[in-house]
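This is upload.txt. It holds compact mmCIF, C-alpha atoms and all ligand atoms.
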```txt
# COMPACT_ATOMS: atom_id res chain seq x y z
CA MET F 613 86.62 -62.02 52.57
CA SER F 614 84.71 -59.10 51.14
CA VAL F 615 86.38 -55.70 50.79
CA LEU F 616 83.14 -53.93 50.07
CA GLU F 617 79.63 -54.75 51.18
CA VAL F 618 76.60 -52.83 49.94
CA ASN F 619 73.27 -53.43 51.71
CA GLU F 620 69.85 -52.24 50.58
CA LEU F 621 71.17 -49.03 49.07
CA ARG F 622 68.54 -46.46 48.10
CA VAL F 623 69.12 -43.07 46.46
CA ARG F 624 66.91 -40.25 45.26
CA TYR F 625 68.56 -37.00 44.25
CA ASN F 626 65.80 -34.69 45.49
CA PRO F 627 62.89 -35.17 47.88
CA GLY F 628 59.88 -36.19 45.86
CA SER F 629 61.91 -37.10 42.74
CA PRO F 630 62.01 -40.72 41.52
CA GLU F 631 64.16 -43.25 43.34
CA ILE F 632 67.34 -43.94 41.30
CA LEU F 633 68.65 -46.93 43.28
CA LYS F 634 65.97 -49.17 44.74
CA GLY F 635 67.59 -51.39 47.35
CA ILE F 636 70.88 -52.60 45.83
CA ASN F 637 72.93 -55.37 47.51
CA PHE F 638 76.28 -56.86 46.53
CA GLU F 639 79.74 -57.74 47.83
CA VAL F 640 83.17 -57.24 46.25
CA GLY F 641 85.84 -59.77 47.27
CA GLU F 642 89.58 -59.23 47.70
CA ASN F 643 90.47 -60.60 44.28
CA ASP F 644 87.50 -59.34 42.29
CA PHE F 645 87.49 -57.31 39.11
CA PHE F 646 83.82 -56.54 39.47
CA ALA F 647 81.58 -54.98 36.80
CA ILE F 648 78.36 -53.00 37.09
CA ILE F 649 76.52 -53.18 33.79
CA GLY F 650 73.15 -51.90 32.62
CA PRO F 651 71.55 -49.48 30.17
CA SER F 652 72.24 -45.76 30.22
CA GLY F 653 70.39 -44.11 33.11
CA ALA F 654 70.12 -47.38 35.10
CA GLY F 655 71.99 -45.87 38.08
CA LYS F 656 75.49 -47.36 37.61
CA SER F 657 77.37 -44.11 38.04
CA THR F 658 75.19 -43.12 41.01
CA LEU F 659 76.05 -46.45 42.63
CA ILE F 660 79.81 -46.05 42.10
CA ARG F 661 79.66 -42.50 43.49
CA CYS F 662 77.87 -43.65 46.64
CA ILE F 663 80.87 -45.81 47.53
CA ASN F 664 83.13 -42.83 48.27
CA ARG F 665 80.11 -40.67 49.17
CA LEU F 666 80.31 -38.28 46.25
CA VAL F 667 76.58 -39.08 46.29
CA GLU F 668 74.85 -39.46 49.68
CA PRO F 669 72.49 -42.45 49.80
CA ASN F 670 69.09 -41.98 51.45
CA SER F 671 69.19 -45.34 53.15
CA GLY F 672 71.13 -48.59 53.22
CA LYS F 673 74.64 -49.32 54.42
CA ILE F 674 78.06 -49.58 52.80
CA TYR F 675 80.97 -51.29 54.55
CA PHE F 676 84.57 -50.94 53.34
CA LYS F 677 86.97 -53.41 54.97
CA GLY F 678 84.42 -53.85 57.75
CA ASN F 679 84.01 -50.11 58.47
CA GLU F 680 80.70 -48.45 57.76
CA ILE F 681 81.16 -45.67 55.20
CA THR F 682 77.59 -44.47 55.38
CA GLY F 683 77.29 -42.17 58.37
CA MET F 684 81.08 -41.67 58.71
CA SER F 685 82.22 -38.26 60.02
CA ASN F 686 83.90 -35.94 57.51
CA ARG F 687 87.29 -36.46 59.15
CA LYS F 688 87.04 -40.24 58.95
CA LEU F 689 85.71 -39.97 55.40
CA ARG F 690 88.79 -37.97 54.33
CA ILE F 691 91.07 -40.67 55.74
CA MET F 692 88.98 -43.47 54.22
CA ARG F 693 89.09 -41.83 50.77
CA ARG F 694 92.89 -42.26 50.73
CA ASP F 695 92.24 -45.98 50.46
CA ILE F 696 89.82 -45.71 47.54
CA GLY F 697 91.29 -44.72 44.16
CA MET F 698 89.06 -43.50 41.37
CA ILE F 699 89.50 -43.53 37.60
CA PHE F 700 87.08 -41.35 35.63
CA GLN F 701 85.49 -41.38 32.20
CA GLU F 702 86.71 -37.88 31.33
CA PHE F 703 90.06 -38.48 33.06
CA ASN F 704 89.62 -35.41 35.38
CA LEU F 705 93.19 -34.20 34.83
CA ILE F 706 94.25 -30.61 35.34
CA ASP F 707 95.07 -29.61 31.77
CA ARG F 708 97.56 -26.86 32.47
CA MET F 709 99.58 -29.02 34.87
CA SER F 710 102.36 -31.41 33.88
CA VAL F 711 101.88 -35.16 33.72
CA MET F 712 104.10 -35.50 36.82
CA ASP F 713 102.11 -32.95 38.84
CA ASN F 714 98.84 -34.61 37.86
CA VAL F 715 100.14 -37.93 39.16
CA LEU F 716 101.46 -36.34 42.36
CA SER F 717 98.05 -34.75 42.93
CA GLY F 718 96.93 -38.29 43.78
CA ARG F 719 98.87 -37.79 47.04
CA LEU F 720 96.82 -34.75 48.07
CA GLY F 721 94.96 -36.83 50.63
CA TYR F 722 98.32 -37.27 52.42
CA THR F 723 100.27 -34.07 51.64
CA GLY F 724 99.13 -30.85 53.32
CA ASN F 725 97.55 -28.25 51.00
CA LEU F 726 100.33 -25.77 51.55
CA ARG F 727 103.06 -28.25 50.65
CA SER F 728 101.19 -29.37 47.58
CA PHE F 729 100.59 -25.72 46.54
CA PHE F 730 104.34 -25.12 46.60
CA LYS F 731 104.88 -28.51 44.95
CA ILE F 732 106.97 -29.78 47.84
CA PHE F 733 106.64 -33.52 47.56
CA PRO F 734 108.97 -35.93 49.36
CA ARG F 735 111.63 -37.48 47.12
CA LYS F 736 110.20 -40.97 47.62
CA GLU F 737 106.82 -39.82 46.25
CA ILE F 738 108.47 -38.36 43.16
CA GLU F 739 110.33 -41.64 42.66
CA LYS F 740 107.09 -43.56 43.08
CA ALA F 741 105.41 -41.32 40.49
CA LEU F 742 108.27 -41.90 38.04
CA LYS F 743 108.04 -45.66 38.56
CA LEU F 744 104.29 -45.61 37.92
CA LEU F 745 104.69 -43.38 34.86
CA ASP F 746 107.27 -45.81 33.55
CA ARG F 747 104.88 -48.72 34.16
CA VAL F 748 101.99 -47.00 32.33
CA GLY F 749 104.30 -46.18 29.40
CA LEU F 750 104.65 -42.42 29.91
CA ARG F 751 108.20 -42.12 31.24
CA ASP F 752 109.18 -39.79 28.38
CA GLN F 753 106.08 -37.57 28.78
CA VAL F 754 106.66 -36.61 32.42
CA ASP F 755 107.10 -32.86 31.80
CA LYS F 756 104.42 -32.47 29.14
CA ARG F 757 101.24 -30.59 29.94
CA ALA F 758 98.27 -32.93 30.37
CA ASP F 759 96.40 -31.25 27.50
CA GLU F 760 99.17 -32.24 25.05
CA LEU F 761 98.36 -35.93 25.48
CA SER F 762 96.01 -38.24 23.57
CA GLY F 763 92.92 -39.68 25.28
CA GLY F 764 94.60 -43.02 25.93
CA GLN F 765 97.68 -41.29 27.38
CA ARG F 766 95.46 -39.10 29.56
CA GLN F 767 93.79 -42.17 31.01
CA ARG F 768 97.24 -43.67 31.67
CA VAL F 769 97.96 -40.58 33.78
CA GLY F 770 94.60 -41.16 35.51
CA ILE F 771 95.65 -44.73 36.32
CA ALA F 772 99.03 -43.63 37.74
CA ARG F 773 97.32 -40.88 39.77
CA ALA F 774 94.85 -43.36 41.29
CA LEU F 775 97.56 -45.91 42.08
CA ILE F 776 100.03 -43.51 43.71
CA GLN F 777 97.46 -43.24 46.52
CA GLY F 778 98.22 -46.87 47.38
CA PRO F 779 94.49 -47.69 47.23
CA LYS F 780 92.88 -50.78 48.77
CA LEU F 781 90.03 -50.51 46.27
CA LEU F 782 89.80 -48.96 42.80
CA LEU F 783 86.56 -47.48 41.52
CA LEU F 784 86.36 -47.16 37.74
CA ASP F 785 83.56 -44.97 36.40
CA GLU F 786 83.24 -45.74 32.67
CA PRO F 787 87.03 -45.64 32.25
CA THR F 788 86.98 -46.31 28.51
CA SER F 789 83.86 -44.64 27.16
CA SER F 790 85.82 -41.63 25.83
CA LEU F 791 88.23 -43.95 23.99
CA ASP F 792 88.11 -45.92 20.74
CA PRO F 793 87.74 -49.74 20.94
CA LYS F 794 91.42 -50.58 20.45
CA ILE F 795 92.63 -48.10 23.07
CA SER F 796 89.77 -49.16 25.40
CA LYS F 797 91.13 -52.72 25.43
CA GLU F 798 94.68 -51.52 26.04
CA ILE F 799 93.51 -49.41 28.98
CA MET F 800 91.41 -52.23 30.48
CA ASN F 801 94.38 -54.59 30.08
CA LEU F 802 96.68 -52.14 31.82
CA ILE F 803 94.27 -51.53 34.70
CA LYS F 804 93.75 -55.25 35.17
CA GLU F 805 97.47 -56.08 35.05
CA MET F 806 98.38 -53.35 37.52
CA ALA F 807 95.48 -54.10 39.86
CA THR F 808 96.56 -57.76 39.88
CA GLU F 809 100.23 -56.88 40.49
CA LEU F 810 99.29 -54.57 43.37
CA ASN F 811 96.48 -56.80 44.75
CA VAL F 812 93.85 -54.08 44.44
CA PRO F 813 90.24 -55.19 43.86
CA CYS F 814 88.30 -53.15 41.28
CA LEU F 815 84.67 -52.10 40.97
CA CYS F 816 83.95 -50.92 37.47
CA ASN F 817 80.95 -49.12 35.99
CA ILE F 818 81.13 -50.18 32.36
CA HIS F 819 78.52 -49.80 29.62
CA ASP F 820 80.36 -52.11 27.20
CA VAL F 821 79.19 -55.65 28.01
CA GLN F 822 81.87 -57.26 25.82
CA LEU F 823 84.61 -55.52 27.79
CA ALA F 824 82.94 -56.43 31.07
CA MET F 825 82.79 -60.09 30.05
CA GLU F 826 86.38 -60.10 28.83
CA PHE F 827 87.96 -58.46 31.86
CA CYS F 828 85.70 -58.96 34.88
CA ASN F 829 85.16 -62.10 36.96
CA LYS F 830 81.93 -60.91 38.59
CA ILE F 831 79.06 -58.84 37.30
CA ILE F 832 75.94 -57.18 38.58
CA GLY F 833 73.36 -55.98 36.10
CA ILE F 834 71.12 -53.03 36.98
CA LYS F 835 67.99 -51.82 35.24
CA ASP F 836 65.98 -48.81 36.46
CA GLY F 837 67.78 -48.94 39.81
CA VAL F 838 66.94 -52.60 40.43
CA LYS F 839 69.53 -55.40 40.47
CA MET F 840 68.60 -57.91 37.74
CA PHE F 841 71.70 -60.12 37.86
CA ASP F 842 74.49 -60.89 40.34
CA GLY F 843 76.98 -63.65 39.63
CA SER F 844 80.10 -64.88 37.89
CA THR F 845 80.81 -63.71 34.35
CA GLU F 846 80.38 -67.28 33.06
CA SER F 847 76.84 -67.44 34.43
CA LEU F 848 75.68 -64.33 32.53
CA ASN F 849 73.84 -65.77 29.53
CA LYS F 850 71.91 -64.19 26.65
CA GLN F 851 68.55 -64.51 28.38
CA LYS F 852 69.80 -62.61 31.43
CA LEU F 853 71.41 -59.96 29.24
CA ASP F 854 68.12 -59.52 27.39
CA GLU F 855 66.32 -59.00 30.70
CA ILE F 856 68.80 -56.25 31.61
CA TYR F 857 68.98 -54.49 28.25
CA LEU F 858 65.84 -55.11 26.22
CA MET F 859 62.91 -52.75 26.47
CA GLU F 860 59.76 -54.55 27.54
CA VAL F 861 57.59 -55.29 24.53
CA LEU F 862 53.96 -54.81 25.45
P1 LIG K 901 74.10 -44.63 34.46
O1 LIG K 901 75.47 -44.44 35.04
O2 LIG K 901 73.60 -46.03 34.58
O3 LIG K 901 73.96 -44.09 33.07
P2 LIG K 901 73.32 -42.53 36.33
O4 LIG K 901 73.62 -43.02 37.70
O5 LIG K 901 74.29 -41.57 35.69
O6 LIG K 901 73.07 -43.78 35.37
O7 LIG K 901 71.90 -41.83 36.31
C1 LIG K 901 70.73 -42.49 36.82
C2 LIG K 901 69.61 -41.49 36.87
O8 LIG K 901 69.90 -40.49 37.85
C3 LIG K 901 69.36 -40.74 35.56
O9 LIG K 901 67.97 -40.61 35.39
C4 LIG K 901 70.00 -39.40 35.80
O10 LIG K 901 69.34 -38.40 35.05
C5 LIG K 901 69.80 -39.19 37.29
N1 LIG K 901 70.86 -38.36 37.87
C6 LIG K 901 72.19 -38.61 37.82
N2 LIG K 901 72.90 -37.66 38.47
C7 LIG K 901 71.96 -36.77 38.95
C8 LIG K 901 72.04 -35.56 39.72
N3 LIG K 901 73.21 -35.08 40.14
N4 LIG K 901 70.89 -34.93 40.01
C9 LIG K 901 69.69 -35.42 39.62
N5 LIG K 901 69.54 -36.56 38.91
C10 LIG K 901 70.66 -37.23 38.56
```
For the file at hand, write its structure as structure tokens.
Amino acid sequence: MSVLEVNELRVRYNPGSPEILKGINFEVGENDFFAIIGPSGAGKSTLIRCINRLVEPNSGKIYFKGNEITGMSNRKLRIMRRDIGMIFQEFNLIDRMSVMDNVLSGRLGYTGNLRSFFKIFPRKEIEKALKLLDRVGLRDQVDKRADELSGGQRQRVGIARALIQGPKLLLLDEPTSSLDPKISKEIMNLIKEMATELNVPCLCNIHDVQLAMEFCNKIIGIKDGVKMFDGSTESLNKQKLDEIYLMEVL
């Protein structure tokens, strides 16, 4: 069964400006670790951001677990966003806050603003955060400020923060592009292991084709807002990659 269904999605940022996504279709299944690849500027990030409506599509439909996201009221959207975790390229941590508080901020969709302002989190959420921090290898960094951590450690906090939500889908927007190749692999490994343990499907915008092929079972390739490839990782061959990445030679 598909967790996410995207139909004929079209986006332009401003009236009269060029169309960025030109009718994109795909489906993410329950067990997928799904990659969106394509050259810089192809529309990958725009596509990921349409899923939780950080970007509003102009037309097309998106269904998450059978419910239409496009056209959802703000109240329903807030509730739906609890089920969709996001991991960002630049980590999006609050630097002056501790590692623990950054992870707990992943519960903001559930905890009232006032309670979170006074840092009143239920004991079971603190225990859950500690468990996740242990699992991502940061148990002894809990009280550190986020800006004292390395890039790889910061992304580990980002992973714990996304997972404490208890998401039913994880969106990864270039999760490794601020990291060196060795750390990138460690982070992808960790995300994949944890997503598998927790049965959370992933949709990943990733510019590094090698990483996509190593970690993802399904891939779509986008070029200039048009889907050029949609299939299993094994079926992505050199010719198809060339069509996605090579400039047309006139
Ligand atoms: P990718 O993730 O594949 O690099 P993006 O989705 O970031 O591509 O960008 C696709 C195109 O949309 C680019 O031409 C970019 O300049 C444009 N774009 C992205 N975000 C905005 C925005 N907020 N306003 C206007 N144009 C944007």
Neighbouring residues of ligand LIG 901 (chain K) are defined here as those with any atom at most 9 Å from a ligand atom, counting only C-alpha atoms and all ligand atoms; list them as a PyMOL selection string. chain F and resi 624-626+629-633+648-661+667+785-786+817-819+834-837
Atomic distance atom CA of F:Leu781 - atom CA of F:Met806, expressed in Å with one decimal: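 That distance, rounded to one decimal, is 12.4 Å.
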Please provide as a ChimeraX atom specification all residues within 12 Å of F:Leu775, with the sequence filter that same-chain residues fewer than 3 positions apart are discarded (counting all atoms listed in the file). /F:694-699,715-719,737,740-741,743-745,747-748,768-772,778-783,803,806-807,809-814
Give me the residues within 8 Å of stretch 751-762 of chain F as a list in words, counting only C-alpha atoms and dropping any in the same chain fewer than 2 places off. Leu705, Ile706, Asp707, Arg708, Met709, Ser710, Val711, Met712, Asn714, Leu742, Leu745, Asp746, Arg747, Val748, Gly749, Gly764, Gln765 and Arg766 of chain F
File dump, residues just selected, C-alpha atoms, as a tab-separated table (two decimals), keeping the file's coordinate frame:
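Wrote selection08.tsv, looks like this:
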```tsv
chain	number	residue	atom	x	y	z
F	705	LEU	CA	93.19	-34.20	34.83
F	706	ILE	CA	94.25	-30.61	35.34
F	707	ASP	CA	95.07	-29.61	31.77
F	708	ARG	CA	97.56	-26.86	32.47
F	709	MET	CA	99.58	-29.02	34.87
F	710	SER	CA	102.36	-31.41	33.88
F	711	VAL	CA	101.88	-35.16	33.72
F	712	MET	CA	104.10	-35.50	36.82
F	714	ASN	CA	98.84	-34.61	37.86
F	742	LEU	CA	108.27	-41.90	38.04
F	745	LEU	CA	104.69	-43.38	34.86
F	746	ASP	CA	107.27	-45.81	33.55
F	747	ARG	CA	104.88	-48.72	34.16
F	748	VAL	CA	101.99	-47.00	32.33
F	749	GLY	CA	104.30	-46.18	29.40
F	764	GLY	CA	94.60	-43.02	25.93
F	765	GLN	CA	97.68	-41.29	27.38
F	766	ARG	CA	95.46	-39.10	29.56
```
Check the smallest atom-to-atom distance from each of F:Thr788, F:Ser685, F:Ser796, F:Ser844 to F:Val640 using all atoms listed in the file, then report the winner.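 The closest residue to F:Val640 is F:Ser844.
In this model, the gap between atom CA of F:Pro793 and atom CA of F:Asn849 comes to 22.9 Å.
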note - atom CA of F:Pro669 and atom CA of F:Arg693 are separated by 16.6 Å
With distances taken over only C-alpha atoms, which residue among F:Ser614, F:Thr808, F:Thr845, F:Asn679 lies nearest F:Glu639?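 Among F:Ser614, F:Thr808, F:Thr845, F:Asn679, it is F:Ser614 that comes nearest to F:Glu639.
Using all atoms listed in the file for every distance, the candidate list F:Glu805, F:Asp842, F:Asp644, F:Glu617 yields F:Asp644 as the residue closest to F:Cys828.
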Enclose the full set of atoms of stretch 842-859 of chain F listed in the file within a box whose edges lie along x, y and z, apply 6 Å of padding to each of the six sides, and report centre and edge lengths in Å to one decimal as JSON.
```
{"center_x": 71.9, "center_y": -60.1, "center_z": 33.3, "size_x": 29.9, "size_y": 26.7, "size_z": 26.1}
```
